[in-house]
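The file target.txt comes next; it holds compact mmCIF, C-alpha atoms.
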```txt
# COMPACT_ATOMS: atom_id res chain seq x y z
CA MET A 1 87.40 13.75 137.59
CA PRO A 2 90.72 12.18 138.46
CA PHE A 3 91.18 8.47 138.89
CA TYR A 4 92.27 6.95 142.16
CA GLU A 5 93.18 3.45 143.22
CA THR A 6 92.21 2.73 146.78
CA THR A 7 93.53 -0.40 148.41
CA LEU A 8 92.13 -1.50 151.75
CA ILE A 9 93.30 -4.22 154.08
CA ILE A 10 90.45 -5.46 156.25
CA ARG A 11 90.76 -7.52 159.43
CA PRO A 12 90.99 -11.27 158.86
CA GLU A 13 88.42 -11.96 161.58
CA ALA A 14 85.67 -10.61 159.35
CA THR A 15 84.06 -13.01 156.90
CA GLN A 16 84.33 -12.29 153.25
CA GLN A 17 80.73 -11.03 153.06
CA GLU A 18 81.30 -8.58 155.88
CA ALA A 19 84.51 -7.40 154.32
CA ASP A 20 82.70 -6.99 151.03
CA LYS A 21 80.14 -4.75 152.68
CA ILE A 22 82.84 -2.65 154.26
CA ALA A 23 84.50 -2.16 150.89
CA ASP A 24 81.13 -1.23 149.39
CA ASN A 25 80.64 1.40 152.08
CA PHE A 26 83.83 3.06 151.00
CA SER A 27 82.90 3.05 147.36
CA ALA A 28 79.53 4.50 148.36
CA ILE A 29 81.31 7.47 149.93
CA ALA A 30 82.81 8.23 146.57
CA THR A 31 79.64 7.71 144.55
CA GLU A 32 77.62 9.93 146.89
CA LYS A 33 79.85 12.82 145.98
CA GLY A 34 79.34 12.25 142.29
CA GLY A 35 82.01 9.71 141.58
CA LYS A 36 81.95 6.32 139.94
CA LEU A 37 83.24 2.92 140.85
CA VAL A 38 85.20 1.75 137.86
CA LYS A 39 86.82 -1.39 139.19
CA LYS A 40 86.57 -3.56 142.24
CA GLU A 41 88.91 -6.42 142.97
CA TYR A 42 89.23 -8.87 145.78
CA TRP A 43 92.72 -10.22 146.15
CA GLY A 44 91.77 -12.78 148.74
CA LEU A 45 92.74 -13.40 152.33
CA ARG A 46 96.44 -12.89 151.78
CA SER A 47 99.33 -13.36 154.12
CA LEU A 48 100.97 -10.12 155.06
CA ALA A 49 104.69 -9.56 154.71
CA TYR A 50 104.80 -8.43 158.34
CA LYS A 51 102.38 -8.38 161.26
CA ILE A 52 99.89 -5.56 161.34
CA ASP A 53 97.92 -5.22 164.59
CA LYS A 54 99.17 -8.68 165.54
CA SER A 55 97.51 -10.32 162.51
CA LYS A 56 99.36 -12.11 159.76
CA LYS A 57 96.58 -12.14 157.18
CA GLY A 58 94.07 -9.71 155.79
CA HIS A 59 91.36 -9.23 153.19
CA TYR A 60 92.63 -7.11 150.33
CA TYR A 61 90.20 -4.99 148.35
CA MET A 62 91.24 -2.75 145.51
CA LEU A 63 88.78 -0.12 144.31
CA GLY A 64 89.28 1.87 141.15
CA LEU A 65 87.39 5.12 141.56
CA ASP A 66 86.64 8.09 139.39
CA ALA A 67 86.07 10.55 142.20
CA SER A 68 86.73 14.05 143.42
CA SER A 69 89.56 14.81 145.79
CA ASP A 70 87.17 15.58 148.69
CA ALA A 71 85.73 12.11 148.35
CA ILE A 72 89.20 10.66 148.62
CA SER A 73 90.10 12.72 151.67
CA GLU A 74 86.85 11.55 153.22
CA ILE A 75 87.72 7.93 152.46
CA THR A 76 91.16 8.40 154.00
CA ARG A 77 89.67 9.95 157.10
CA ILE A 78 87.06 7.29 157.65
CA ALA A 79 89.43 4.44 156.91
CA GLY A 80 91.76 5.80 159.53
CA ILE A 81 89.01 5.88 162.13
CA SER A 82 87.46 2.55 161.18
CA GLU A 83 88.41 -0.36 163.38
CA ASP A 84 87.97 -2.92 160.65
CA VAL A 85 90.34 -1.39 158.14
CA MET A 86 93.93 -2.03 159.09
CA ARG A 87 95.63 -0.18 156.24
CA ASN A 88 94.60 1.95 153.33
CA LEU A 89 96.49 3.45 150.45
CA ASN A 90 95.03 5.92 147.96
CA VAL A 91 97.03 6.58 144.84
CA LYS A 92 96.16 9.00 142.10
CA VAL A 93 96.57 7.39 138.69
CA GLU A 94 96.21 8.64 135.17
CA ALA A 95 93.95 5.83 134.08
CA ILE A 96 92.57 2.67 135.58
CA SER A 97 93.66 -0.32 133.58
CA LYS A 98 90.97 -2.72 132.51
CA GLU A 99 93.10 -5.81 133.00
CA PRO A 100 93.14 -7.62 136.31
CA SER A 101 95.92 -6.65 138.66
CA PRO A 102 99.18 -8.57 138.64
CA VAL A 103 98.30 -9.87 142.09
CA LEU A 104 95.38 -11.84 140.67
CA ARG A 105 97.53 -13.16 137.87
CA GLU A 106 99.94 -14.77 140.26
CA ALA A 107 97.15 -16.16 142.38
CA SER A 108 95.74 -18.01 139.42
CA LYS A 109 99.08 -19.57 138.49
CA MET B 1 134.47 -1.19 133.96
CA SER B 2 136.04 -4.47 134.96
CA ILE B 3 136.52 -3.24 138.53
CA GLU B 4 132.85 -2.49 138.78
CA ALA B 5 131.97 -5.92 137.50
CA ASN B 6 133.86 -7.45 140.39
CA THR B 7 131.84 -5.65 143.03
CA ASN B 8 129.11 -8.16 142.37
CA LEU B 9 131.36 -10.82 143.82
CA ASP B 10 132.78 -9.00 146.80
CA ASN B 11 130.45 -6.66 148.56
CA SER B 12 126.90 -7.56 147.74
CA ARG B 13 125.09 -8.58 150.83
CA GLY B 14 122.25 -10.16 148.94
CA LYS B 15 122.75 -13.47 147.23
CA VAL B 16 121.04 -12.14 144.13
CA PHE B 17 123.53 -11.52 141.35
CA PHE B 18 122.74 -10.02 138.01
CA LYS B 19 125.01 -10.04 135.03
CA ARG B 20 126.19 -6.55 134.35
CA LYS B 21 123.81 -5.56 131.56
CA LYS B 22 124.72 -2.59 129.50
CA SER B 23 121.21 -1.25 129.22
CA CYS B 24 118.36 -0.74 131.61
CA PRO B 25 116.17 -3.84 131.82
CA LEU B 26 113.07 -1.73 132.29
CA SER B 27 113.53 0.65 129.40
CA GLU B 28 113.22 -1.85 126.60
CA GLU B 29 110.06 -1.90 124.56
CA ALA B 30 108.67 -5.17 125.83
CA SER B 31 109.36 -4.47 129.48
CA PRO B 32 106.40 -4.18 131.86
CA GLU B 33 105.22 -0.96 133.47
CA ILE B 34 106.34 -0.40 137.00
CA ASP B 35 103.35 -0.90 139.26
CA TYR B 36 103.33 -1.14 143.03
CA LYS B 37 100.93 -4.08 142.69
CA ASP B 38 103.28 -6.12 140.50
CA ILE B 39 105.17 -7.89 143.25
CA GLU B 40 106.92 -10.37 140.99
CA LEU B 41 108.56 -7.58 139.05
CA LEU B 42 109.50 -5.68 142.19
CA LYS B 43 110.97 -8.76 143.86
CA LYS B 44 113.71 -8.84 141.26
CA PHE B 45 114.97 -5.49 142.47
CA ILE B 46 115.15 -6.10 146.20
CA SER B 47 117.79 -8.04 148.04
CA GLU B 48 117.26 -11.17 150.11
CA ARG B 49 116.92 -9.01 153.19
CA GLY B 50 114.29 -6.86 151.50
CA LYS B 51 116.51 -3.86 150.76
CA ILE B 52 116.26 -2.00 147.48
CA LEU B 53 119.19 -2.92 145.25
CA PRO B 54 121.45 -0.13 144.02
CA ARG B 55 121.62 0.88 140.39
CA ARG B 56 125.18 -0.22 139.97
CA ILE B 57 124.10 -3.80 140.46
CA THR B 58 120.90 -3.86 138.47
CA SER B 59 121.88 -1.41 135.69
CA VAL B 60 118.54 0.38 135.86
CA SER B 61 118.33 3.90 134.51
CA SER B 62 118.01 6.70 137.06
CA LYS B 63 114.45 7.60 136.10
CA LYS B 64 113.30 4.00 136.38
CA GLN B 65 115.15 3.60 139.64
CA ARG B 66 113.20 6.49 141.12
CA GLU B 67 109.90 4.97 139.92
CA LEU B 68 110.93 1.55 141.23
CA SER B 69 111.85 2.99 144.58
CA ALA B 70 108.50 4.75 144.90
CA ALA B 71 106.64 1.59 143.89
CA ILE B 72 108.56 -0.58 146.35
CA LYS B 73 107.81 1.83 149.17
CA LYS B 74 104.10 1.76 148.35
CA ALA B 75 104.13 -2.02 148.24
CA ARG B 76 105.80 -2.04 151.65
CA VAL B 77 103.03 0.08 153.13
CA LEU B 78 100.50 -2.43 151.84
CA ALA B 79 102.45 -5.37 153.32
CA LEU B 80 103.00 -6.85 149.88
CA LEU B 81 106.74 -6.60 150.43
CA PRO B 82 108.55 -6.62 153.77
CA TYR B 83 110.53 -3.72 155.15
CA VAL B 84 113.07 -6.12 156.61
CA ASP B 85 113.20 -9.81 155.88
CA ASN B 86 115.26 -11.75 158.37
CA ASN B 87 114.55 -15.22 157.07
```

Please lay out the structure from this file as structure tokens.
Amino acid sequence: MPFYETTLIIRPEATQQEADKIADNFSAIATEKGGKLVKKEYWGLRSLAYKIDKSKKGHYYMLGLDASSDAISEITRIAGISEDVMRNLNVKVEAISKEPSPVLREASK
Amino acid sequence: MSIEANTNLDNSRGKVFFKRKKSCPLSEEASPEIDYKDIELLKKFISERGKILPRRITSVSSKKQRELSAAIKKARVLALLPYVDNN
């Protein structure tokens, strides 16, 4: 099945545990339809480059999924409806890299 | 060629100047892959105002410029890079 990278930005008002659960719900949508969660990253409560819904910060979660396309369209649909998720971006990739994302590299500097 | 080298001094709105390299900085062997998550790499190719820099200033090849442009636009959607930066 194709690989997708799903990035979610969750409201800053939620605590990290709540945001974690929300991200897990999305990965569960993919696994229910026979997919796999390959990678999960938390990029922290980052400042946004511009205000989204009047907030300047958000929790960033990046999920690497091996899922079918219907699972991804379902994720897109539910993320759009969900009040906690401010933005989502699903990108089809050829392979999910095993190294941590560049965003985490600069955070550790 | 020398006329083009001078455009760096006259018309660039950004304060970011690159020496006019003869080859694409992203097509060498050791250069990193273009990824919308790699903000540090992408920041080198946008102006101070947040606009994507043209090829004639950065000497990127056309294929890499298209990939860069797509990556910068994805990063903008995710608020990793601004659309407009008025600071």

So, with only C-alpha atoms as the atoms that count, which of B:Pro82, B:Ser59, B:Lys43, B:Glu67 lies closest to chain A?
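Looking only at the distances to chain A, the closest residue turns out to be B:Pro82.
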
Please, which residues in chain A fall within 9 Å of chain B when counting all atoms listed in the file, and what is the closest atom pair and distance in Å to one decimal for each, ordered by chain then residue number, as JSON lines?
```
{"residue": "A:Thr7", "atom": "CA", "partner": "B:Leu78", "partner_atom": "CA", "distance": 8.0}
{"residue": "A:Leu8", "atom": "CA", "partner": "B:Leu78", "partner_atom": "CA", "distance": 8.4}
{"residue": "A:Ile9", "atom": "CA", "partner": "B:Leu78", "partner_atom": "CA", "distance": 7.7}
{"residue": "A:Ser47", "atom": "CA", "partner": "B:Leu80", "partner_atom": "CA", "distance": 8.6}
{"residue": "A:Leu48", "atom": "CA", "partner": "B:Ala79", "partner_atom": "CA", "distance": 5.3}
{"residue": "A:Ala49", "atom": "CA", "partner": "B:Pro82", "partner_atom": "CA", "distance": 4.9}
{"residue": "A:Tyr50", "atom": "CA", "partner": "B:Pro82", "partner_atom": "CA", "distance": 6.2}
{"residue": "A:Lys51", "atom": "CA", "partner": "B:Ala79", "partner_atom": "CA", "distance": 8.5}
{"residue": "A:Ile52", "atom": "CA", "partner": "B:Ala79", "partner_atom": "CA", "distance": 8.4}
{"residue": "A:Arg87", "atom": "CA", "partner": "B:Leu78", "partner_atom": "CA", "distance": 6.9}
{"residue": "A:Asn88", "atom": "CA", "partner": "B:Leu78", "partner_atom": "CA", "distance": 7.5}
{"residue": "A:Leu89", "atom": "CA", "partner": "B:Leu78", "partner_atom": "CA", "distance": 7.3}
{"residue": "A:Ser101", "atom": "CA", "partner": "B:Lys37", "partner_atom": "CA", "distance": 6.9}
{"residue": "A:Pro102", "atom": "CA", "partner": "B:Asp38", "partner_atom": "CA", "distance": 5.1}
{"residue": "A:Val103", "atom": "CA", "partner": "B:Lys37", "partner_atom": "CA", "distance": 6.4}
{"residue": "A:Glu106", "atom": "CA", "partner": "B:Glu40", "partner_atom": "CA", "distance": 8.3}
```

Interatomic distance between CA of Gly44 (chain A) and CA of Ser31 (chain B)?
27.4 Å

Atom pair CA of Glu74 (chain A) / CA of Glu41 (chain A): separation (Å)
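So the two atoms, CA of Glu74 (chain A) and CA of Glu41 (chain A), lie 20.8 Å apart.
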
Could you please determine the separation between CA of Lys92 (chain A) and CA of Lys36 (chain A) in Å, to one decimal place?
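Distance reported for this atom pair: 14.6 Å.
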
So which residues touch Phe3 (chain A) within 8 Å, counting all atoms listed in the file, skipping near sequence neighbours fewer than 3 positions away, as JSON, numbers by chain?
{"A": [64, 65, 66, 67, 92, 93, 94, 95, 96]}

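Ranking A:Leu104, A:Asn25, A:Thr6, A:Gly80 by their shortest atom-to-atom distance to Tyr42 (chain A), with only C-alpha atoms included, puts A:Leu104 first.
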
Residues at most 8 Å from Ile75 (chain A), counting all atoms listed in the file, excluding those fewer than 2 positions away in the same chain, as a PDB file with C-alpha atoms, in the frame of the given file?
```
ATOM      1  CA  PHE A  26      83.830   3.060 151.000  1.00  0.00           C
ATOM      2  CA  ILE A  29      81.310   7.470 149.930  1.00  0.00           C
ATOM      3  CA  ALA A  30      82.810   8.230 146.570  1.00  0.00           C
ATOM      4  CA  ALA A  71      85.730  12.110 148.350  1.00  0.00           C
ATOM      5  CA  ILE A  72      89.200  10.660 148.620  1.00  0.00           C
ATOM      6  CA  SER A  73      90.100  12.720 151.670  1.00  0.00           C
ATOM      7  CA  ARG A  77      89.670   9.950 157.100  1.00  0.00           C
ATOM      8  CA  ILE A  78      87.060   7.290 157.650  1.00  0.00           C
ATOM      9  CA  ALA A  79      89.430   4.440 156.910  1.00  0.00           C
TER      10      ALA A  79
END
```

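With distances restricted to only C-alpha atoms, A:Asp84 is the closest residue to Asp53 (chain A) from A:Asp24, A:Asp84, A:Glu5, A:Glu99.
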
Using the incomplete input, complete region 38-49 of chain B to the level of all heavy atoms; output as a compact mmCIF listing (two decimals), keeping the file's coordinate frame.
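Listed below is the output, selection_16.txt:
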```txt
# COMPACT_ATOMS: atom_id res chain seq x y z
N ASP B 38 102.64 -5.04 141.23
CA ASP B 38 103.28 -6.12 140.50
C ASP B 38 104.44 -6.63 141.32
O ASP B 38 105.59 -6.25 141.11
CB ASP B 38 103.75 -5.57 139.15
CG ASP B 38 104.14 -6.66 138.18
OD1 ASP B 38 104.16 -7.83 138.59
OD2 ASP B 38 104.41 -6.32 137.03
N ILE B 39 104.15 -7.51 142.28
CA ILE B 39 105.17 -7.89 143.25
C ILE B 39 106.27 -8.71 142.60
O ILE B 39 107.43 -8.63 142.98
CB ILE B 39 104.56 -8.71 144.39
CG1 ILE B 39 103.27 -8.08 144.86
CG2 ILE B 39 105.50 -8.81 145.55
CD1 ILE B 39 102.54 -8.97 145.80
N GLU B 40 105.91 -9.51 141.61
CA GLU B 40 106.92 -10.37 140.99
C GLU B 40 107.99 -9.54 140.32
O GLU B 40 109.17 -9.86 140.38
CB GLU B 40 106.26 -11.27 139.96
CG GLU B 40 105.36 -12.26 140.61
CD GLU B 40 105.10 -13.44 139.72
OE1 GLU B 40 105.51 -13.39 138.56
OE2 GLU B 40 104.51 -14.40 140.22
N LEU B 41 107.57 -8.45 139.67
CA LEU B 41 108.56 -7.58 139.05
C LEU B 41 109.40 -6.90 140.11
O LEU B 41 110.63 -6.83 140.02
CB LEU B 41 107.85 -6.53 138.20
CG LEU B 41 108.74 -5.47 137.59
CD1 LEU B 41 109.61 -6.07 136.52
CD2 LEU B 41 107.93 -4.34 137.01
N LEU B 42 108.76 -6.43 141.18
CA LEU B 42 109.50 -5.68 142.19
C LEU B 42 110.45 -6.58 142.95
O LEU B 42 111.51 -6.15 143.41
CB LEU B 42 108.52 -5.03 143.17
CG LEU B 42 107.59 -3.98 142.59
CD1 LEU B 42 106.70 -3.42 143.66
CD2 LEU B 42 108.36 -2.85 141.97
N LYS B 43 110.10 -7.86 143.09
CA LYS B 43 110.97 -8.76 143.86
C LYS B 43 112.32 -8.93 143.22
O LYS B 43 113.29 -9.30 143.89
CB LYS B 43 110.30 -10.13 144.00
CG LYS B 43 109.41 -10.21 145.18
CD LYS B 43 109.03 -11.62 145.49
CE LYS B 43 108.10 -11.59 146.69
NZ LYS B 43 107.29 -12.77 146.81
N LYS B 44 112.42 -8.69 141.91
CA LYS B 44 113.71 -8.84 141.26
C LYS B 44 114.66 -7.72 141.65
O LYS B 44 115.85 -7.82 141.40
CB LYS B 44 113.52 -8.80 139.74
CG LYS B 44 112.74 -9.94 139.20
CD LYS B 44 112.67 -9.86 137.71
CE LYS B 44 111.58 -10.77 137.21
NZ LYS B 44 111.11 -10.39 135.89
N PHE B 45 114.13 -6.64 142.20
CA PHE B 45 114.97 -5.49 142.47
C PHE B 45 115.18 -5.25 143.95
O PHE B 45 115.65 -4.19 144.34
CB PHE B 45 114.36 -4.24 141.80
CG PHE B 45 114.35 -4.34 140.31
CD1 PHE B 45 113.22 -4.78 139.65
CD2 PHE B 45 115.47 -4.05 139.58
CE1 PHE B 45 113.21 -4.90 138.28
CE2 PHE B 45 115.48 -4.16 138.20
CZ PHE B 45 114.33 -4.59 137.55
N ILE B 46 114.83 -6.22 144.78
CA ILE B 46 115.15 -6.10 146.20
C ILE B 46 116.07 -7.25 146.57
O ILE B 46 116.10 -8.28 145.92
CB ILE B 46 113.90 -6.10 147.11
CG1 ILE B 46 113.10 -7.38 146.94
CG2 ILE B 46 113.02 -4.90 146.81
CD1 ILE B 46 111.97 -7.50 147.93
N SER B 47 116.84 -7.03 147.63
CA SER B 47 117.79 -8.04 148.04
C SER B 47 117.06 -9.12 148.84
O SER B 47 115.87 -9.04 149.07
CB SER B 47 118.90 -7.41 148.87
OG SER B 47 118.41 -7.14 150.15
N GLU B 48 117.85 -10.11 149.29
CA GLU B 48 117.26 -11.17 150.11
C GLU B 48 116.70 -10.63 151.40
O GLU B 48 115.73 -11.15 151.96
CB GLU B 48 118.35 -12.17 150.47
CG GLU B 48 118.20 -13.45 149.76
CD GLU B 48 118.91 -14.57 150.50
OE1 GLU B 48 119.45 -14.32 151.59
OE2 GLU B 48 118.91 -15.67 149.95
N ARG B 49 117.36 -9.59 151.93
CA ARG B 49 116.92 -9.01 153.19
C ARG B 49 115.75 -8.05 153.01
O ARG B 49 115.25 -7.50 153.97
CB ARG B 49 118.07 -8.21 153.81
CG ARG B 49 119.06 -9.05 154.53
CD ARG B 49 118.56 -9.39 155.92
NE ARG B 49 119.61 -9.79 156.78
CZ ARG B 49 120.32 -8.93 157.50
NH1 ARG B 49 120.09 -7.65 157.41
NH2 ARG B 49 121.29 -9.38 158.29
```
